[in-house]
Every structure is written in structure tokens, then in C-alpha cells.
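Okay, so here's the structure we're looking at.
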2 protein chains.
Amino acid sequence: MQVKEAVIERRSGVALWRQIADRMRREIGEGVLGSDGRMPPEMALAERFGVNRHTVRTAIAALVQEGVLRAEQGRGTFVEGRKRLAYPIRSRTRFSEGLAGQSRGLAADLLDHAVEAAPIDVARALMLAPGSPVIRLETRSHADGRPVSRARSWFDAHRFSGMAEAFERSRSITASFRELGLADYLRQSTTVTAQHADAGDLKDLNLSPGAIVLVTIAINVDTDGRPVQYSQTRFAADRIELHIPGAGMETGD
Amino acid sequence: MQVKEAVIERRSGVALWRQIADRMRREIGEGVLGSDGRMPPEMALAERFGVNRHTVRTAIAALVQEGVLRAEQGRGTFVEGRKRLAYPIRSRTRFSEGLAGQSRGLAADLLDHAVEAAPIDVARALMLAPGSPVIRLETRSHADGRPVSRARSWFDAHRFSGMAEAFERSRSITASFRELGLADYLRQSTTVTAQHADAGDLKDLNLSPGAIVLVTIAINVDTDGRPVQYSQTRFAADRIELHIPGAGMETGD
DNA sequence: ACCAATTTGTCCGTATGTATA
DNA sequence: TTATACATACGGACAAATTGG
């Protein structure tokens, strides 16, 4: 293993400037590059990656566009990005509680909502008959003024009618559940995958092409174990990391 | 939200054929494309993605090279890949147990090992003084004959001397721990992030440039709560999904 | 105020790769 | 296969801004 140096591949179908941008973004995240907040000069980077200075400049321009870097004529290029927020996945997973203390300006907004017939995966997760009416909520969450995730959630339309209106008021799933008579709920299962950002991610999460999203598929249940929410959440992978506290310290298994 | 159709972006720094290949690979994994084992004709794909047939052919050729597709002249293009394996993360997380039943031919091999001075993050995780001697193990795991993950693990060199040799014999962390006198251990914490595959991933996991890896950073502890293993594991995101069983059903929190 | 060194910003021209028709 | 258009990558030159003597 032990990779010594950058490997930038030509005619791989990925432009050099994008490979370099991706690599710099990662190394910045790891603290390998710009740990003092300052990037090496363009010429040094060009030499290191074995490319022309212009190619490095294209990569830097992309990262400036993303908000990762900031370039100042005559001074240098500096790291703008902050460190990743830790999103805890636990028995009582609550969005705002999880990120509280790590960031200011937590906010959520409702992008879209509708009542529809439950698709097969939604019906199975919520233990409803396929085609039963369900409420679909499309929400987006911000931290520090930047979008961090977008979620698509489904609820039994009979049990939780008024969910969309409640969310619009409270901007919180937990508060909406409480308003509709559900005081507590638990995370039953979470599945994590990773994908390239799709067109919706680019738009709603303000990502650049080639960015990565962490996708969680979760089922929440009430205290009787009945499913109350099925959701697919897409996190910007460069702004969020998922943290799973060890069950080992909580339970004897 | 509700993204209707594939959006292939021009001048994004990623060649169209690669965007199409990445998208087809993902949709095949999701069952959206080729769920019956058969791909639509090239002309249909070209129309769907809004590109020339030649561009689709370049994408298909790349996936054939990867082993995802198989093209037969005059008959069509067929899916070779299989569906994503679920890797459970729980109190007693064990690699081979977790994937048992989902795949045949589970195997692990030792890529490299060394005794070194503990870097700061390793020392903190293992609760050792920085610079203390630790054993570093670089391992790789296969399922169904394909590599699915590579891991870099550290162990206290004093407590677990002989770890590398034990692993080389047993090809199992659990068995090696047992051999060295540790009968049981628990997962204390797991952090999940996602990144683009680096040069080592491309080589060891046989990925193509632009592919995504799920990265887990985990700490295992013995039954007294003392850290015994710190590891960074990189999973091929198109072959593995992480599954977190709900603590909600196991504990009252 | 001036100068030299450093670093980013902009412009030119040219060659190659990618995608279409 | 051929032709065309555009994106990508390179090399060089010089301007503009900043820093420190």
C-alpha cells in the first residue's frame, strides 16, 4: 500500500485539473495540504503534480468556486474550508440536536411535499400495503449558512396527516411528530452508501460535479416498534461525517 | 427535487463517456438499469443521455473492461456485476461473520506490515504515548473473488506482539486476537466518510478513476474498555453498503 | 519613496483529446 | 473514415499586488 506521491493519470477520462482539484480537496481535509491555512505556490504544486502551472490554476479556480480555497493576488492561496461536522447516528437520532454545539445557524427548509401512493420500498419499510397513501417530504438542512443535506421522507398519511404543515411551521421532524401526538421515536436501522452527486445534489447542496454524497436510508419507529418514518438523506460528503457511537459501551449486546 | 432524467454535464472536467459509465455503474448497482440482466440497446441509451451512440459505446467499453458488463455482437449487452453486500456495523463487528451468507469465497490477505512509532492520531486512539511502538497491518479482503476493502490497522506492539504472524496464519483479526489471549472485543466507535478512490484504492481494490470509497475509522476495545485496535478501512462503495442496526431495538439508550 | 523578490492574474499561440455529424 | 467544433493542457511573457529590505 503506502502511496508515496500523487498519481495523476492522463487520458483516464478525467481531466487533469479535476484530478488535481479532487486530490487537493482531500489532502486539505486530511491536513496534508494547507494545514497552516496556506497553500504552496502554484509553481510548487505544478512541479509536484508534474503539470503546467495553468492546469494547477484551473484546479484552484474550481476549489475557489466551491469555497474550499481563497486566492489573493500577490499574497498566495489560502484554505477557506472548515472541518467536517460530525453527524451522530444513534438510537435517538435528531438532526438539530446532533449538530448543536458544532455549528451556528442550523436551519431546515421544506423544498416540496405531496401525498402519493406508497412505492414498494416505502410500503415495505413502513409496513403498509403497497399503494397506501403516504406523505412525502423533501427537506434541506443548513449549518453555518451552508447546505449540508437533503432528505426525502415518507410518513403514513393516515396516522400523520398534517405533517407537511407542521414541518413548515416548526422546521423540525421531532417537533412535528410531537405536535401530531408522537412524543418519542427511535432509529431502527440505517444503511449507508456513497455516490456521486446527482443533478439535484449539485443544485440543492451547491456542490460541484464529481462531488460525493453520503446516502443514508433510515427507518424510525415509535416506542412500540411500529415504523413511523422512512427516509433517504443525502449528505455533502465534504461537509459531514457520520459518527456511530459504539454499541459496545451502551449495551451488552 | 424529483430528478427526472440523467443529467450529463458538459465541460465539467469529466468526459461524457466517463459520466455515463459512472452513472450506468451506479444504476446497475441500484437495479434501475439492467435489473433483468440485460441493458437497453446502445441507441436507446444514447437517446436517453442525449449523446452520440459512439459516446455510449466508449462508456460500455469501459464497463466491459471493469467486468461490470459483457457485450455480445448481435445479441446485446448484459450485466455481469452483482448486488452490493451489506456490511453490518455493530457492537461485535467481525468482518467474515458480517458477510457470511451473502457471498462465497470470503478471503483476506496481508499486504504489508511493520512496527513503527505511533503517529499522533493512532496514539490518541489507542491511549498510548505518541511515538510508542505499534504494529501496523495492511490487509485486503475479498468476497466472491473480488476485492471489497482494504484496511490499515494499528495495535499496541507490546500487548500484541506477533499480530502480523498470527494474521498471516489465520487470515482473521478475531482469530489472531484469540491466539494472543484476547477472547472478546467490542466496537467503541465508528466514523464514516466518503472520498474519491486514491491511487492505492485503484490498484488494490481494482477500481477505476473517479470511483468512490467509503472510509470507516474505528476503535475496538476489550471488555475492560481499553483500546486494542485502531483501524481505517476503505470499502469499494459500489460493492459494499454499511448497515447500522438500530440501537433502538437493542437498548433503552 | 524606492527596489527586488515572490506570488497571483491575464493574455497569447499551439497541440492534443473529446464529441458530433 | 473524414471533417468540424470545442475543451483541455502546455509554454511563454508580462501585468498587478504584496512583502520586506
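To be explicit about the labels: the chains of the C-alpha cells are called A, B, and onward in the order shown, and within each one the residues are counted from 1, while ligands get numbers from 1 in the order they are shown.
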Identify all chain B residues at most 12 Å from chain D by counting only C-alpha atoms (C1' of nucleotides); ligands do not count. Present them as a PyMOL selection string.
chain B and resi 10-16
Output the selection as a PDB file, in the first residue's frame - N, CA and C atoms for each residue.
ATOM      1  N   ARG B  10     -21.641  18.870 -19.631  1.00  0.00           N
ATOM      2  CA  ARG B  10     -20.502  19.135 -20.493  1.00  0.00           C
ATOM      3  C   ARG B  10     -19.557  20.114 -19.810  1.00  0.00           C
ATOM      4  N   ARG B  11     -18.351  20.169 -20.291  1.00  0.00           N
ATOM      5  CA  ARG B  11     -17.244  20.966 -19.725  1.00  0.00           C
ATOM      6  C   ARG B  11     -17.254  20.988 -18.197  1.00  0.00           C
ATOM      7  N   SER B  12     -17.438  19.796 -17.609  1.00  0.00           N
ATOM      8  CA  SER B  12     -17.394  19.676 -16.154  1.00  0.00           C
ATOM      9  C   SER B  12     -16.044  19.148 -15.718  1.00  0.00           C
ATOM     10  N   GLY B  13     -15.177  18.881 -16.703  1.00  0.00           N
ATOM     11  CA  GLY B  13     -13.878  18.313 -16.376  1.00  0.00           C
ATOM     12  C   GLY B  13     -13.907  16.797 -16.371  1.00  0.00           C
ATOM     13  N   VAL B  14     -15.100  16.232 -16.544  1.00  0.00           N
ATOM     14  CA  VAL B  14     -15.223  14.780 -16.631  1.00  0.00           C
ATOM     15  C   VAL B  14     -15.817  14.458 -17.996  1.00  0.00           C
ATOM     16  N   ALA B  15     -15.112  13.618 -18.740  1.00  0.00           N
ATOM     17  CA  ALA B  15     -15.562  13.283 -20.083  1.00  0.00           C
ATOM     18  C   ALA B  15     -16.957  12.670 -20.050  1.00  0.00           C
ATOM     19  N   LEU B  16     -17.747  12.954 -21.088  1.00  0.00           N
ATOM     20  CA  LEU B  16     -19.120  12.449 -21.125  1.00  0.00           C
ATOM     21  C   LEU B  16     -19.166  10.938 -20.983  1.00  0.00           C
TER      22      LEU B  16
END
At most 10 Å to chain B: residues in chain C, only C-alpha atoms (C1' of nucleotides), as a ChimeraX atom specification:
/C:17-21
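For range 117-123 of chain B, the non-local neighbours within 12 Å, defined as residues at least 3 positions apart in the same chain or in other chains and counting only C-alpha atoms (C1' of nucleotides), are A:Glu30, B:Ala114, B:Leu126, B:Met127, B:Leu128, B:Ala129, B:Pro130, B:Gly131, B:Ser132, B:Pro133, B:Val134, B:Ile135, B:Arg136, B:Arg152, B:Ser153, B:Trp154, B:Phe155, B:Asp156, B:Ala157, B:Ile217, B:Ala218, B:Ile219, B:Pro227, B:Val228, B:Gln229, B:Tyr230, B:Ser231, B:Gln232.
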Using backbone DSSP assignments, extract all alpha helix (DSSP H) residues from range 18-218 of chain A; output them as an mmCIF file with C-alpha atoms, in the first residue's frame.
data_model
loop_
_atom_site.group_PDB
_atom_site.id
_atom_site.type_symbol
_atom_site.label_atom_id
_atom_site.label_comp_id
_atom_site.auth_asym_id
_atom_site.auth_seq_id
_atom_site.Cartn_x
_atom_site.Cartn_y
_atom_site.Cartn_z
ATOM 1 C CA ARG A 18 -10.209 17.840 -11.899
ATOM 2 C CA GLN A 19 -7.975 15.040 -10.613
ATOM 3 C CA ILE A 20 -5.736 17.652 -9.046
ATOM 4 C CA ALA A 21 -8.686 19.529 -7.566
ATOM 5 C CA ASP A 22 -10.092 16.318 -6.097
ATOM 6 C CA ARG A 23 -6.740 15.392 -4.644
ATOM 7 C CA MET A 24 -6.103 18.822 -3.159
ATOM 8 C CA ARG A 25 -9.593 18.854 -1.627
ATOM 9 C CA ARG A 26 -8.918 15.532 0.026
ATOM 10 C CA GLU A 27 -5.451 16.424 1.250
ATOM 11 C CA ILE A 28 -6.767 19.667 2.667
ATOM 12 C CA GLY A 29 -9.395 17.655 4.515
ATOM 13 C CA GLU A 30 -6.707 15.309 5.819
ATOM 14 C CA GLU A 42 1.170 27.450 -7.870
ATOM 15 C CA MET A 43 4.584 26.692 -9.343
ATOM 16 C CA ALA A 44 5.404 24.306 -6.491
ATOM 17 C CA LEU A 45 2.100 22.479 -6.919
ATOM 18 C CA ALA A 46 2.601 22.293 -10.679
ATOM 19 C CA GLU A 47 6.020 20.747 -10.147
ATOM 20 C CA ARG A 48 4.700 18.295 -7.575
ATOM 21 C CA PHE A 49 1.857 17.089 -9.803
ATOM 22 C CA ARG A 53 1.017 25.961 -13.811
ATOM 23 C CA HIS A 54 -2.148 26.758 -15.781
ATOM 24 C CA THR A 55 -3.535 23.318 -15.053
ATOM 25 C CA VAL A 56 -3.000 23.849 -11.342
ATOM 26 C CA ARG A 57 -4.674 27.253 -11.678
ATOM 27 C CA THR A 58 -7.746 25.616 -13.228
ATOM 28 C CA ALA A 59 -7.910 23.212 -10.299
ATOM 29 C CA ILE A 60 -7.510 26.047 -7.791
ATOM 30 C CA ALA A 61 -10.218 28.056 -9.560
ATOM 31 C CA ALA A 62 -12.612 25.119 -9.136
ATOM 32 C CA LEU A 63 -11.846 24.894 -5.417
ATOM 33 C CA VAL A 64 -12.262 28.651 -5.040
ATOM 34 C CA GLN A 65 -15.650 28.286 -6.707
ATOM 35 C CA GLU A 66 -16.513 25.568 -4.190
ATOM 36 C CA PHE A 95 -30.857 16.353 13.315
ATOM 37 C CA SER A 96 -30.508 19.615 15.177
ATOM 38 C CA GLU A 97 -29.513 18.045 18.481
ATOM 39 C CA GLY A 98 -26.779 16.081 16.752
ATOM 40 C CA LEU A 99 -25.144 19.124 15.217
ATOM 41 C CA ILE A 120 -42.892 -0.723 -2.925
ATOM 42 C CA ASP A 121 -39.783 0.050 -0.859
ATOM 43 C CA VAL A 122 -41.588 2.734 1.137
ATOM 44 C CA ALA A 123 -44.552 0.451 1.779
ATOM 45 C CA ARG A 124 -42.320 -2.358 2.974
ATOM 46 C CA ALA A 125 -40.338 -0.072 5.274
ATOM 47 C CA LEU A 126 -43.453 1.489 6.800
ATOM 48 C CA MET A 163 -47.059 16.507 8.721
ATOM 49 C CA ALA A 164 -46.083 18.920 5.942
ATOM 50 C CA GLU A 165 -47.859 21.854 7.562
ATOM 51 C CA ALA A 166 -46.391 21.010 10.967
ATOM 52 C CA PHE A 167 -42.899 20.837 9.493
ATOM 53 C CA GLU A 168 -43.369 24.092 7.668
ATOM 54 C CA ARG A 169 -44.152 25.755 10.991
ATOM 55 C CA SER A 170 -41.600 24.098 13.231
ATOM 56 C CA ILE A 173 -39.298 16.469 12.320
ATOM 57 C CA THR A 174 -39.118 15.883 16.056
ATOM 58 C CA ALA A 175 -41.301 18.902 16.822
ATOM 59 C CA SER A 176 -43.764 17.910 14.090
ATOM 60 C CA PHE A 177 -44.076 14.389 15.473
ATOM 61 C CA ARG A 178 -44.706 15.812 18.926
ATOM 62 C CA GLU A 179 -47.343 18.152 17.550
ATOM 63 C CA ALA A 199 -28.157 16.931 -10.599
ATOM 64 C CA GLY A 200 -30.430 17.567 -7.620
ATOM 65 C CA ASP A 201 -27.485 17.438 -5.218
ATOM 66 C CA LEU A 202 -25.498 19.895 -7.302
ATOM 67 C CA LYS A 203 -28.401 22.297 -7.196
ATOM 68 C CA ASP A 204 -29.791 21.893 -3.683
#
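With only C-alpha atoms as the atoms that count, the residue of A:His142, A:Arg150, A:Arg38, A:Arg90 with the shortest distance to chain B is A:Arg90.
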Please measure the separation of CA of Ala194 in chain A and CA of Val213 in chain B, giving the value in Å to one decimal.
7.5 Å
